[in-house]
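One structure is given below, encoded as structure tokens.
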There are 2 protein chains.
Amino acid sequence: MRMNSKSLPRCTWFVTGLLAACLALTPSLQADEGMWTFDNFPSKTVAAKYGFAPSQSWLDHVRLSSLRIAGGCSASFISVQGLVMTNHHCVVDCVEQLSTPKQNFVETGFAAKSIAEERKCPDFELDQLVEIRDVTNEVQGAIAGKTGDEANKALHAKQAQLQQGCGSDAGVRCDVVSLYHGGIYDLYRYKRYTDVRLVFAPEFTVAQFGGDPDNFNFPRFDFDIGLVRAYEGDKPVISHDYLRWSRNGSKDGDLVFVSGNPGGTSRELTIAQLAFERDTGFPSDIPETAEYRGELEEFITRGSEQMREAREQLFFVENDFKADFGRQGALLDPQFFAGKQQEEQRLRAAVAADPKLAADASAWDDIAQIQRVRAQLFTHHVDGIFNYFSAPLHYAITLVRAAEERAKPNTERLPEYTDQSLVHVQQALSAPVPVYKDLEELNLKLMFTELQRDMGADDPFVRKMLGNESPEQLAHRLIVGTHLDDPKVRENLYSGGQSAMAASNDPLIRFAASIDDDLLAMRKDYEARVDAPTRSAAERIASARFAVYGTSVDPDATFTARLSFGSVKGFEDAEGKFVQPYTTIDGLFHRATGAAPFVLPESWLKAKATMNLALPMNLSTTNDIIGGNSGSPLIDRDANVVGLIFDGNIFSLGGDYGYDAAKNRAVAVDSRALLEGLRKVYHMDHVVDEIEAGRQ
Amino acid sequence: MRMNSKSLPRCTWFVTGLLAACLALTPSLQADEGMWTFDNFPSKTVAAKYGFAPSQSWLDHVRLSSLRIAGGCSASFISVQGLVMTNHHCVVDCVEQLSTPKQNFVETGFAAKSIAEERKCPDFELDQLVEIRDVTNEVQGAIAGKTGDEANKALHAKQAQLQQGCGSDAGVRCDVVSLYHGGIYDLYRYKRYTDVRLVFAPEFTVAQFGGDPDNFNFPRFDFDIGLVRAYEGDKPVISHDYLRWSRNGSKDGDLVFVSGNPGGTSRELTIAQLAFERDTGFPSDIPETAEYRGELEEFITRGSEQMREAREQLFFVENDFKADFGRQGALLDPQFFAGKQQEEQRLRAAVAADPKLAADASAWDDIAQIQRVRAQLFTHHVDGIFNYFSAPLHYAITLVRAAEERAKPNTERLPEYTDQSLVHVQQALSAPVPVYKDLEELNLKLMFTELQRDMGADDPFVRKMLGNESPEQLAHRLIVGTHLDDPKVRENLYSGGQSAMAASNDPLIRFAASIDDDLLAMRKDYEARVDAPTRSAAERIASARFAVYGTSVDPDATFTARLSFGSVKGFEDAEGKFVQPYTTIDGLFHRATGAAPFVLPESWLKAKATMNLALPMNLSTTNDIIGGNSGSPLIDRDANVVGLIFDGNIFSLGGDYGYDAAKNRAVAVDSRALLEGLRKVYHMDHVVDEIEAGRQ
């Protein structure tokens, strides 16, 4: 069992066995490929193809209008009063957290009729990228010549030092970003907004219309929008940089851009790393996701309260499953994989032919060797699971570790406990997020069961973890007995530090304290034997790639700000039929059968007679995006909003490994449907007026 | 979604990535490889290695003492009064069916204190193989020169005709068995026993001690035995051929045989077929098994009644998952797969070098081409799913089809509705097997959901099947409204034939009737475009293999009677530590933590003080077996029982594709532990006396 580090909401990619005619696998750029950093955007390429070159001020304006949602999405300011547009599925956590058994906003939707009705999300962070600084020499210098744990320690110390020098108040966030897998290190400084209030969310059924069957498909008919507002000092922020709304929307063939935060791609990985994913990672991970899905599917049938608690979680699990299944499909496609092999062979041949690159030539073999270690350590690489599979357990581990780490100097701590990182840690511990004990017991039981299965019943760690209890018994005892669902309890334990940990008899704290040394030892071993040598080899490959192909290549996605260009465009489906790039509101009503997941809420059925049914509902574009881009604005050459990215089509789902210009499509809600729905269905006239106020 | 045709209880194989030192992939036989038919047993090979050559009368005696359980297991007569030994997991269906909410024999065990207390299993069939006749010329002659649907029709007609000529009363069963994938056809005639009564079953917890974590592992400590008795005319049958109990049991190194019915192997498949399994079949099937597992895991937590209903089902699903995961692991192992490729290349080179075999040379390419068709039809190959995923739906489809098919001449029917096959059809329809509606609703909902997912929400068949209902709604309506859970209702509908079908307003009958033409059309298409040409090509490969390697090769397993030889032997585990071939009863008590699945029932804890704890509990042997062999007797050179096969070790789990003499091990309950448990724990002295009466 493993938590996928790319487990981000929506918009990750799927590939069936249909990638025959593919792909832009060579670094020579084709078509609209690329998730470009804002400081290396290929304006000339865009100008050559589309007759428009984004200027530096255009790029700065778009970057400052764009936002990252810390949980794994993208967003943008769309008014001067800090109004923020993103997807429904990017705010659904907040919607669910504000709900109660008596008032389920996930089901009914939420629409603040005035500023006063906007409600603070318990745990929400928006980041605005204000500065990018190259720190490659400092970081590479710090780790040069070091290996294993020494290299990791040096890297963490340097990161902590750079963060500290960048800004220390809670309104600033600084991240050291590794691009090209260590080829370049940048320091990204963000303005951070943590008082974020819910303005609008539609009903789940229309936001996710078509559910799992339609997910990653097009034609599509979703109203996947959520609106929040950034506040400071209890007042809406004045957002000087924001995106205006397009007056006319887009049309077929128009140049369009997507500004957002793609979560991760694997296009620069070596064949050995891809084979590891294909032969070890996915075959283990996908069935575990499926098992969890099955548990949740059955859990929600117990009653309406269980449905409320777990529906959103099930939605994300379904999405992860479909995305991972598609990524696996890409790697299992023999032609696709052969293409990746050829790409690697070409680069290796070029490296072998250039004596100046001799030092880099062994990097691929080094990585292949590391995969054998990785396979050995695979089932014991579990620190992520313990931190992310169960919210209460994560609280417990966080409290235990924070107490330990805060006793150390800043530069000697784990990266997630540096002074700057402790800002989030405290925020997350204090957030009044509901904990559903029945659901958490299910989560923990499954986690213990899968650990026992993967590591083996006789594994010393498993024996220590379970003692003489079964997974069911241990999960039950820990969840029933804990008080960590209370934010006040967590805050007190946090401020009490190590003595509070020692004194606590909360069963989850005792459990976490009993196994944390083992968890950290396994993590350290993995990081020293896998992460450090991989970073060292990948750095050499990146430097070789720069030497051979130059630097006009986009780096693998890293959940940082990227800009992609493309155009509104249809595509051929699996049967060779051409799919038009726009659907209509009429099409939405036509597809509604009345049975889940093709049900429309009452609000839409009532409003139908008043709506302009011919307006575009969703559209497809050639932009190169991936999971994490959810909520990104789709903008035209004037940087005006023409849509809201929320997904991709079925063919684009191997985009993790390569971009297929012929068939990959991004999928967005059309800007015209957004306003039509807000006004006619939800009567949010004050918000529409606010959006339109800035229209040009 | 697909029902695995090899979905048989236990003893299928698993391979981790550890097959480095493998395998007996060449047809030149090594070591103890082989699942031999009784008419082609390599007595000389056994004599050369072990100094004992089974005689014809020895072979006949063992064959006639051995039994097949129609549901997918093996068994044997162990007394002259028709007492039959098999595994607990091979009778657990019956144990569950005889249970009620108030008396759960799965949990408490069942022990008839006398003949009078033995209870008839609702749906149980034992088959004793009495004759093997070669019908290759007749079958191959019937289909020669025909292709596609014509070939299938000719084959089915010939099978029906051969069956008809073999015996028609309910006490006879005749199957046309295809060996070497069509290289040889045999007619197997069985004596059939359908009045089978439960004599003994231990508690589930000790039968499956260690549960899923210990499954397919050794050292092992299971008391996985079930005893039934065959009756005729309401009296125990006199079984002249039965296996005597060994006086001293076995010891390390002893020659041992396993007589049973291995369900299926894939050792003769081509690389293209194996690649299909690896890249298409398993990646689709395994996650669906995992999802079902998750649903069941959550279902059984609802209450004790749900636990009673679904625990056994969950057990088999867990087993299928582990077995398939292991089979996939074997195919994903690059060295293992390369070995299979070399084996194929050697045979193809030999064929290419022999002008007499020119006609066979294209068979491999033909099969590769068929895999492309197979991939296209994969998601629509669903007839098996509709027939096996839900018991009430299976009843409905059976009734609809039986009415249709019985109106046709015998030789023109689907094979499962020939006159002879109708004996089982009627038996299954009449069997008073309980139907759990809540569990069946779960089954149907999942089935509809997965079909919608795999075939697509816009697929015409899916739209017809679901209409305007969701999978949940349709499943609920069908199950709540049906009366097919009543055997009397089913019997009446069966005897009413076509007019009863037309008149029935049972929702499941109406549903089955509405989609059955589509199901049969999809099936016919698949059989014509995949099965028929595959059979034709495989026949040529078989003939080429005979020509190159001779006929001293065992055929792939087909759930028919086979005999394997080997010896009691330990093995090296994954860490290189030697594992002894015997565990002890003491070890069982030592491993019990008191938490599931390492819980011992009260009966064992009470009896502990009286038991000889030093006696062997389970043992490992080199016999080449696979799923379907569950319940097979382990016998010595005197054909005396020294154990009861119930599983294999972790290394043997790639046995589907190849036998690894170094590490593959069969796992059995030791004969000494069996008697000790029956006497000391269960006080079944009359049964032990009956068993020992024939001892030599």
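Naming scheme: A, B, ... for chains in displayed order of the structure tokens; residues 1 onward per chain; ligands 1 onward as shown.
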I'd like the neighbourhood of segment 287-290 of chain A as a list in words, where a residue qualifies if any of its atoms comes within 7 Å (using only C-alpha atoms), though same-chain residues fewer than 2 positions away should be ignored.
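Within the cut-off, the hits are Met1, Pro283, Ser284, Asp285, Tyr292, Arg293, Gly294, Val317 and Phe321 of chain A; Ile286, Pro287, Glu288, Ala290 and Glu291 of chain B.
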Convert the current residue selection to file output with N, CA and C atoms, as a PDB file, in the first residue's frame.
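Full text of out22.pdb as output:
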```pdb
ATOM      1  N   MET A   1       0.853  -1.198   0.000  1.00  0.00           N
ATOM      2  CA  MET A   1       0.000   0.000   0.000  1.00  0.00           C
ATOM      3  C   MET A   1       0.885   1.242   0.000  1.00  0.00           C
ATOM      4  N   PRO A 283       0.836  -2.516 -10.142  1.00  0.00           N
ATOM      5  CA  PRO A 283       0.177  -3.778  -9.774  1.00  0.00           C
ATOM      6  C   PRO A 283      -0.098  -3.899  -8.278  1.00  0.00           C
ATOM      7  N   SER A 284       0.659  -3.185  -7.464  1.00  0.00           N
ATOM      8  CA  SER A 284       0.392  -3.200  -6.033  1.00  0.00           C
ATOM      9  C   SER A 284      -0.618  -2.130  -5.639  1.00  0.00           C
ATOM     10  N   ASP A 285      -0.452  -0.938  -6.191  1.00  0.00           N
ATOM     11  CA  ASP A 285      -1.270   0.198  -5.748  1.00  0.00           C
ATOM     12  C   ASP A 285      -2.707   0.134  -6.251  1.00  0.00           C
ATOM     13  N   TYR A 292     -10.211  -0.255  -1.412  1.00  0.00           N
ATOM     14  CA  TYR A 292     -10.717   0.883  -0.624  1.00  0.00           C
ATOM     15  C   TYR A 292     -12.012   1.406  -1.240  1.00  0.00           C
ATOM     16  N   ARG A 293     -12.019   1.493  -2.552  1.00  0.00           N
ATOM     17  CA  ARG A 293     -13.238   1.905  -3.243  1.00  0.00           C
ATOM     18  C   ARG A 293     -14.404   0.994  -2.875  1.00  0.00           C
ATOM     19  N   GLY A 294     -14.162  -0.318  -2.913  1.00  0.00           N
ATOM     20  CA  GLY A 294     -15.222  -1.265  -2.573  1.00  0.00           C
ATOM     21  C   GLY A 294     -15.723  -1.045  -1.146  1.00  0.00           C
ATOM     22  N   VAL A 317     -11.420   8.728  -4.588  1.00  0.00           N
ATOM     23  CA  VAL A 317     -10.847   7.393  -4.770  1.00  0.00           C
ATOM     24  C   VAL A 317     -11.174   6.860  -6.168  1.00  0.00           C
ATOM     25  N   PHE A 321      -8.401   5.958  -8.980  1.00  0.00           N
ATOM     26  CA  PHE A 321      -8.383   4.653  -9.628  1.00  0.00           C
ATOM     27  C   PHE A 321      -8.332   4.811 -11.139  1.00  0.00           C
TER      28      PHE A 321
ATOM     29  N   ILE B 286      -7.854  -8.170 -11.648  1.00  0.00           N
ATOM     30  CA  ILE B 286      -7.397  -8.125 -10.259  1.00  0.00           C
ATOM     31  C   ILE B 286      -8.008  -6.953  -9.495  1.00  0.00           C
ATOM     32  N   PRO B 287      -8.019  -5.751 -10.058  1.00  0.00           N
ATOM     33  CA  PRO B 287      -8.664  -4.662  -9.308  1.00  0.00           C
ATOM     34  C   PRO B 287     -10.155  -4.909  -9.078  1.00  0.00           C
ATOM     35  N   GLU B 288     -10.811  -5.614  -9.988  1.00  0.00           N
ATOM     36  CA  GLU B 288     -12.235  -5.876  -9.778  1.00  0.00           C
ATOM     37  C   GLU B 288     -12.438  -6.887  -8.656  1.00  0.00           C
ATOM     38  N   ALA B 290     -10.422  -7.054  -6.196  1.00  0.00           N
ATOM     39  CA  ALA B 290     -10.093  -6.257  -5.004  1.00  0.00           C
ATOM     40  C   ALA B 290     -11.274  -5.388  -4.584  1.00  0.00           C
ATOM     41  N   GLU B 291     -11.967  -4.836  -5.551  1.00  0.00           N
ATOM     42  CA  GLU B 291     -13.129  -3.999  -5.230  1.00  0.00           C
ATOM     43  C   GLU B 291     -14.215  -4.841  -4.560  1.00  0.00           C
TER      44      GLU B 291
END
```
Find the residues near Met307 of chain A: any atom within 10 Å, counting only C-alpha atoms, skip ones fewer than 6 places away on the same chain, and give them as a PyMOL selection string.
chain A and resi 296-301+313-314
Serialized selection, N, CA and C atoms, as a CSV table (one decimal), in the first residue's frame:
```csv
chain,number,residue,atom,x,y,z
A,296,LEU,N,-15.7,1.7,0.6
A,296,LEU,CA,-16.4,3.0,0.7
A,296,LEU,C,-17.8,2.8,0.0
A,297,GLU,N,-17.8,2.1,-1.2
A,297,GLU,CA,-19.1,1.9,-1.9
A,297,GLU,C,-20.1,1.3,-1.0
A,298,GLU,N,-19.6,0.3,-0.2
A,298,GLU,CA,-20.5,-0.4,0.7
A,298,GLU,C,-20.8,0.4,1.9
A,299,PHE,N,-19.9,1.2,2.4
A,299,PHE,CA,-20.0,2.0,3.6
A,299,PHE,C,-21.2,3.0,3.4
A,300,ILE,N,-21.2,3.7,2.2
A,300,ILE,CA,-22.2,4.7,2.0
A,300,ILE,C,-23.6,4.2,1.9
A,301,THR,N,-23.7,2.9,1.7
A,301,THR,CA,-25.1,2.3,1.6
A,301,THR,C,-25.7,2.1,3.0
A,313,GLN,N,-15.1,11.4,-0.4
A,313,GLN,CA,-13.9,10.6,-0.4
A,313,GLN,C,-14.0,9.5,-1.5
A,314,LEU,N,-15.1,8.9,-1.6
A,314,LEU,CA,-15.3,7.9,-2.7
A,314,LEU,C,-15.1,8.6,-4.0
```
Calculated over only C-alpha atoms, which of the candidates B:Asn410, B:Thr583, B:Gln427, B:Thr379 has the smallest distance to Arg453 of chain B?
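Closest candidate: B:Thr379.
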Need to verify the contact set: Glu676 of chain B, 9 Å, only C-alpha atoms, exclusion of same-chain residues closer than 4 positions in sequence. Can you return it as a ChimeraX atom specification?
/B:611-612,615,671-672,680-681
Just want the 8 Å neighbourhood of segment 348-361 of chain B, counted on only C-alpha atoms, with same-chain residues fewer than 5 positions away dropped. Output as a PyMOL selection string.
chain B and resi 537+540-541+543-544+548
Near Gln208 of chain B, counting only C-alpha atoms, which residues have an atom at most 7 Å away, once you skip same-chain residues fewer than 3 positions from it, shown as an MDAnalysis selection string?
chainID B and resid 204:205 211 222 224
Would you list the contacts of Asn618 of chain A as a PyMOL selection string, taking every protein, DNA or RNA residue within 8 Å and counting only C-alpha atoms, but skipping same-chain residues closer than 3 positions in sequence?
chain A and resi 219-222+582-584+667-670+673
Tell me, in Å to one decimal, how far atom CA of Met522 of chain A is from atom CA of Phe386 of chain A.
12.1 Å
